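S.K.: Next up is a structure, given as structure tokens.
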Amino acid sequence: MPKITGAKAHAARLKRLTSPAAINSIGKALFAAGELVADEAKGSLTRGSAGGHSGGKHQHVPSAPGQPPNEDTGHLRDNIETVHVEPLRVEVRSNAEYAIALEYGTSKMAERPYMRPALAAKRKEVVDLIRDALDHVDKGGMIR
């Protein structure tokens, strides 16, 4: 039977990766990644905004189906937040009452996604942030 080597090093690595300090460090990286996605989602709402004034009244121009919503009042953007739900779980969400209807559409309106494209646009940066945090913790360092 072959001899197993590296068990002590592997056990030490697992202990480092599951320590409270490591979980805290990785949680911070996850939160930073969530903030990247939130900022991208917020930006997508203002990039395509179109509107005007006619007869002294503001006129909102809706976005095309499949495109992020055009900002009107800023309520959707102002309600996008990054929340630490658990030590290693972060959610990016909007608490605006119509957020889900815009993201996924309804029986009467085509979707106007803003969160899923934001995640797709920031996916590489998010993965890199988390990978860097894990590598740093694995080498014995902690993120401040």
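Residues are referred to by chain and number: the chain letter is A, B, ... according to the order shown in the structure tokens, the number counts from 1 in that chain, and ligands are numbered separately from 1 in the order shown.
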With only C-alpha atoms as the counted atoms, please give the residues lying no more than 10 Å from Arg16 (chain A), apart from itself and same-chain residues fewer than 3 positions off, as a list in words.

M.R.: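 Counting only the stated atoms, we get His10, Ala11, Ala12, Arg13, Ser19, Pro20, Ala21, Ala22, Ile23, Val137, Asp138, Lys139, Gly140 and Gly141 of chain A.
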
S.K.: So that I can see what lies close to region 94-97 of chain A, please list as an MDAnalysis selection string the residues with an atom at most 8 Å from it, counting only C-alpha atoms and leaving out residues fewer than 5 positions away in the same chain.

M.R.: chainID A and resid 75:77 79:81

S.K.: Write out as a VMD selection string all residues of chain A that backbone DSSP assigns to strand (DSSP E or B).

M.R.: chain A and resid 51 to 54 57 to 60 80 to 86 89 to 94

S.K.: Save out the residues we just selected, N, CA, C and O atoms, as a PDB file, in the first residue's frame.

M.R.:
ATOM      1  N   GLY A  51     -35.090  60.834 -21.223  1.00  0.00           N
ATOM      2  CA  GLY A  51     -36.307  61.505 -20.756  1.00  0.00           C
ATOM      3  C   GLY A  51     -36.287  62.924 -21.271  1.00  0.00           C
ATOM      4  O   GLY A  51     -35.346  63.362 -21.911  1.00  0.00           O
ATOM      5  N   GLY A  52     -37.291  63.638 -21.000  1.00  0.00           N
ATOM      6  CA  GLY A  52     -37.345  65.010 -21.467  1.00  0.00           C
ATOM      7  C   GLY A  52     -38.479  65.730 -20.793  1.00  0.00           C
ATOM      8  O   GLY A  52     -39.140  65.213 -19.906  1.00  0.00           O
ATOM      9  N   HIS A  53     -38.665  66.924 -21.236  1.00  0.00           N
ATOM     10  CA  HIS A  53     -39.734  67.751 -20.689  1.00  0.00           C
ATOM     11  C   HIS A  53     -40.615  68.211 -21.832  1.00  0.00           C
ATOM     12  O   HIS A  53     -40.142  68.575 -22.898  1.00  0.00           O
ATOM     13  N   SER A  54     -41.885  68.175 -21.604  1.00  0.00           N
ATOM     14  CA  SER A  54     -42.840  68.645 -22.592  1.00  0.00           C
ATOM     15  C   SER A  54     -43.935  69.380 -21.843  1.00  0.00           C
ATOM     16  O   SER A  54     -44.589  68.804 -20.973  1.00  0.00           O
ATOM     17  N   LYS A  57     -43.677  69.265 -18.077  1.00  0.00           N
ATOM     18  CA  LYS A  57     -43.794  67.966 -17.400  1.00  0.00           C
ATOM     19  C   LYS A  57     -42.650  67.048 -17.814  1.00  0.00           C
ATOM     20  O   LYS A  57     -42.233  67.028 -18.966  1.00  0.00           O
ATOM     21  N   HIS A  58     -42.180  66.286 -16.850  1.00  0.00           N
ATOM     22  CA  HIS A  58     -41.139  65.292 -17.113  1.00  0.00           C
ATOM     23  C   HIS A  58     -41.765  64.105 -17.845  1.00  0.00           C
ATOM     24  O   HIS A  58     -42.834  63.639 -17.477  1.00  0.00           O
ATOM     25  N   GLN A  59     -41.092  63.650 -18.877  1.00  0.00           N
ATOM     26  CA  GLN A  59     -41.587  62.479 -19.612  1.00  0.00           C
ATOM     27  C   GLN A  59     -40.531  61.381 -19.559  1.00  0.00           C
ATOM     28  O   GLN A  59     -39.436  61.545 -20.083  1.00  0.00           O
ATOM     29  N   HIS A  60     -40.879  60.283 -18.935  1.00  0.00           N
ATOM     30  CA  HIS A  60     -39.978  59.134 -18.852  1.00  0.00           C
ATOM     31  C   HIS A  60     -40.082  58.332 -20.139  1.00  0.00           C
ATOM     32  O   HIS A  60     -41.170  58.071 -20.638  1.00  0.00           O
ATOM     33  N   ILE A  80     -30.719  49.659  -4.325  1.00  0.00           N
ATOM     34  CA  ILE A  80     -29.790  48.557  -4.558  1.00  0.00           C
ATOM     35  C   ILE A  80     -28.776  48.573  -3.415  1.00  0.00           C
ATOM     36  O   ILE A  80     -28.198  49.609  -3.104  1.00  0.00           O
ATOM     37  N   GLU A  81     -28.608  47.411  -2.797  1.00  0.00           N
ATOM     38  CA  GLU A  81     -27.699  47.318  -1.662  1.00  0.00           C
ATOM     39  C   GLU A  81     -26.969  45.985  -1.661  1.00  0.00           C
ATOM     40  O   GLU A  81     -27.412  45.009  -2.246  1.00  0.00           O
ATOM     41  N   THR A  82     -25.841  45.985  -0.981  1.00  0.00           N
ATOM     42  CA  THR A  82     -25.069  44.771  -0.756  1.00  0.00           C
ATOM     43  C   THR A  82     -25.230  44.425   0.717  1.00  0.00           C
ATOM     44  O   THR A  82     -24.999  45.276   1.576  1.00  0.00           O
ATOM     45  N   VAL A  83     -25.650  43.190   0.987  1.00  0.00           N
ATOM     46  CA  VAL A  83     -25.952  42.789   2.355  1.00  0.00           C
ATOM     47  C   VAL A  83     -25.176  41.518   2.694  1.00  0.00           C
ATOM     48  O   VAL A  83     -25.186  40.549   1.939  1.00  0.00           O
ATOM     49  N   HIS A  84     -24.503  41.552   3.847  1.00  0.00           N
ATOM     50  CA  HIS A  84     -23.834  40.364   4.373  1.00  0.00           C
ATOM     51  C   HIS A  84     -24.896  39.531   5.082  1.00  0.00           C
ATOM     52  O   HIS A  84     -25.298  39.850   6.196  1.00  0.00           O
ATOM     53  N   VAL A  85     -25.374  38.480   4.449  1.00  0.00           N
ATOM     54  CA  VAL A  85     -26.441  37.645   4.985  1.00  0.00           C
ATOM     55  C   VAL A  85     -25.899  36.644   5.996  1.00  0.00           C
ATOM     56  O   VAL A  85     -26.524  36.368   7.018  1.00  0.00           O
ATOM     57  N   GLU A  86     -24.762  36.083   5.694  1.00  0.00           N
ATOM     58  CA  GLU A  86     -24.050  35.139   6.556  1.00  0.00           C
ATOM     59  C   GLU A  86     -22.569  35.430   6.387  1.00  0.00           C
ATOM     60  O   GLU A  86     -22.200  36.145   5.448  1.00  0.00           O
ATOM     61  N   ARG A  89     -21.776  34.619   2.851  1.00  0.00           N
ATOM     62  CA  ARG A  89     -22.877  34.794   1.899  1.00  0.00           C
ATOM     63  C   ARG A  89     -23.253  36.271   1.827  1.00  0.00           C
ATOM     64  O   ARG A  89     -23.596  36.880   2.825  1.00  0.00           O
ATOM     65  N   VAL A  90     -23.165  36.797   0.619  1.00  0.00           N
ATOM     66  CA  VAL A  90     -23.493  38.192   0.361  1.00  0.00           C
ATOM     67  C   VAL A  90     -24.568  38.239  -0.710  1.00  0.00           C
ATOM     68  O   VAL A  90     -24.534  37.463  -1.664  1.00  0.00           O
ATOM     69  N   GLU A  91     -25.531  39.123  -0.527  1.00  0.00           N
ATOM     70  CA  GLU A  91     -26.580  39.322  -1.537  1.00  0.00           C
ATOM     71  C   GLU A  91     -26.525  40.755  -2.038  1.00  0.00           C
ATOM     72  O   GLU A  91     -26.330  41.682  -1.261  1.00  0.00           O
ATOM     73  N   VAL A  92     -26.709  40.896  -3.339  1.00  0.00           N
ATOM     74  CA  VAL A  92     -26.888  42.209  -3.948  1.00  0.00           C
ATOM     75  C   VAL A  92     -28.338  42.234  -4.384  1.00  0.00           C
ATOM     76  O   VAL A  92     -28.779  41.364  -5.131  1.00  0.00           O
ATOM     77  N   ARG A  93     -29.082  43.217  -3.886  1.00  0.00           N
ATOM     78  CA  ARG A  93     -30.515  43.239  -4.158  1.00  0.00           C
ATOM     79  C   ARG A  93     -31.027  44.674  -4.183  1.00  0.00           C
ATOM     80  O   ARG A  93     -30.366  45.581  -3.710  1.00  0.00           O
ATOM     81  N   SER A  94     -32.214  44.811  -4.758  1.00  0.00           N
ATOM     82  CA  SER A  94     -32.914  46.087  -4.686  1.00  0.00           C
ATOM     83  C   SER A  94     -34.193  45.850  -3.904  1.00  0.00           C
ATOM     84  O   SER A  94     -34.906  44.879  -4.142  1.00  0.00           O
TER      85      SER A  94
END

S.K.: Could you tell me which of A:His136, A:Pro117, A:Leu14, A:Pro65 comes closest to Asp39 (chain A) if we count only C-alpha atoms?

M.R.: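 Counting only C-alpha atoms, the residue closest to Asp39 (chain A) is A:Pro117.
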
S.K.: I'd like the contact shell of Asp132 (chain A) - 12 Å cut-off, only C-alpha atoms, skipping same-chain residues fewer than 2 positions apart - returned as JSON, numbers by chain.

M.R.: {"A": [25, 26, 28, 29, 30, 33, 124, 125, 126, 127, 128, 129, 130, 134, 135, 136, 137, 138, 139, 141, 142, 143]}

S.K.: Quick one: everything within 6 Å of Ala41 (chain A), counting only C-alpha atoms, minus sequence neighbours fewer than 3 positions away in the same chain. Send it as a list of chain:residue names.

M.R.: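 After dropping sequence-adjacent residues, the list is A:Ala38, A:Ser44, A:Tyr114, A:Met115, A:Ala118.
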
S.K.: Once you have the residues from the selection above, write them out as an mmCIF file, in the first residue's frame, restricted to N, CA, C and O atoms.

M.R.:
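Wrote result_13.cif, looks like this:
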data_model
loop_
_atom_site.group_PDB
_atom_site.id
_atom_site.type_symbol
_atom_site.label_atom_id
_atom_site.label_comp_id
_atom_site.auth_asym_id
_atom_site.auth_seq_id
_atom_site.Cartn_x
_atom_site.Cartn_y
_atom_site.Cartn_z
ATOM 1 N N ALA A 38 -23.105 45.670 -7.415
ATOM 2 C CA ALA A 38 -24.105 46.702 -7.113
ATOM 3 C C ALA A 38 -23.807 47.990 -7.873
ATOM 4 O O ALA A 38 -24.710 48.600 -8.457
ATOM 5 N N SER A 44 -25.804 50.865 -14.748
ATOM 6 C CA SER A 44 -26.562 50.467 -15.941
ATOM 7 C C SER A 44 -27.908 51.182 -16.006
ATOM 8 O O SER A 44 -28.469 51.371 -17.087
ATOM 9 N N TYR A 114 -31.101 44.073 -15.029
ATOM 10 C CA TYR A 114 -30.015 44.961 -14.636
ATOM 11 C C TYR A 114 -29.059 44.274 -13.663
ATOM 12 O O TYR A 114 -27.867 44.568 -13.651
ATOM 13 N N MET A 115 -29.566 43.327 -12.876
ATOM 14 C CA MET A 115 -28.704 42.610 -11.933
ATOM 15 C C MET A 115 -27.902 41.496 -12.620
ATOM 16 O O MET A 115 -26.691 41.396 -12.419
ATOM 17 N N ALA A 118 -25.184 42.869 -14.709
ATOM 18 C CA ALA A 118 -24.149 43.456 -13.853
ATOM 19 C C ALA A 118 -23.213 42.360 -13.331
ATOM 20 O O ALA A 118 -21.988 42.520 -13.339
#

S.K.: Which residue gives the smallest distance to Glu35 (chain A) among A:Arg116, A:Lys8, A:Lys122, A:Lys108, with only C-alpha atoms counted?

M.R.: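 Nearest to Glu35 (chain A): A:Lys122.
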
S.K.: As an MDAnalysis selection string, please: all residues of region 70-139 of chain A that backbone DSSP puts in alpha helix (DSSP H).

M.R.: chainID A and resid 75:78 99:104 115:138

S.K.: Out of A:Glu71, A:Pro87, A:Ala133, A:Ala64, which residue has the shortest atom-to-atom distance to Ala110 (chain A) when counting only C-alpha atoms?

M.R.: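 Comparing A:Glu71, A:Pro87, A:Ala133, A:Ala64 against Ala110 (chain A), the winner is A:Ala64.
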
S.K.: Kindly indicate which residue among A:Pro113, A:Gly105, A:Gly34, A:Gly27 lies nearest to Gln67 (chain A), using only C-alpha atoms for the distances.

M.R.: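 Once distances to Gln67 (chain A) are computed over only C-alpha atoms, the minimum belongs to A:Pro113.
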
S.K.: For CA of Leu119 (chain A) and CA of Ala101 (chain A), quote the distance in Å rounded to one decimal.

M.R.: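 A separation of 18.0 Å between them.
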
S.K.: By how many Å are CA of Arg47 (chain A) and CA of Ala32 (chain A) apart?

M.R.: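 Distance between the two atoms: 22.5 Å.
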
S.K.: Just the number, please: distance in Å from CA of Glu40 (chain A) to CA of Ala99 (chain A), one decimal.

M.R.: 15.5 Å
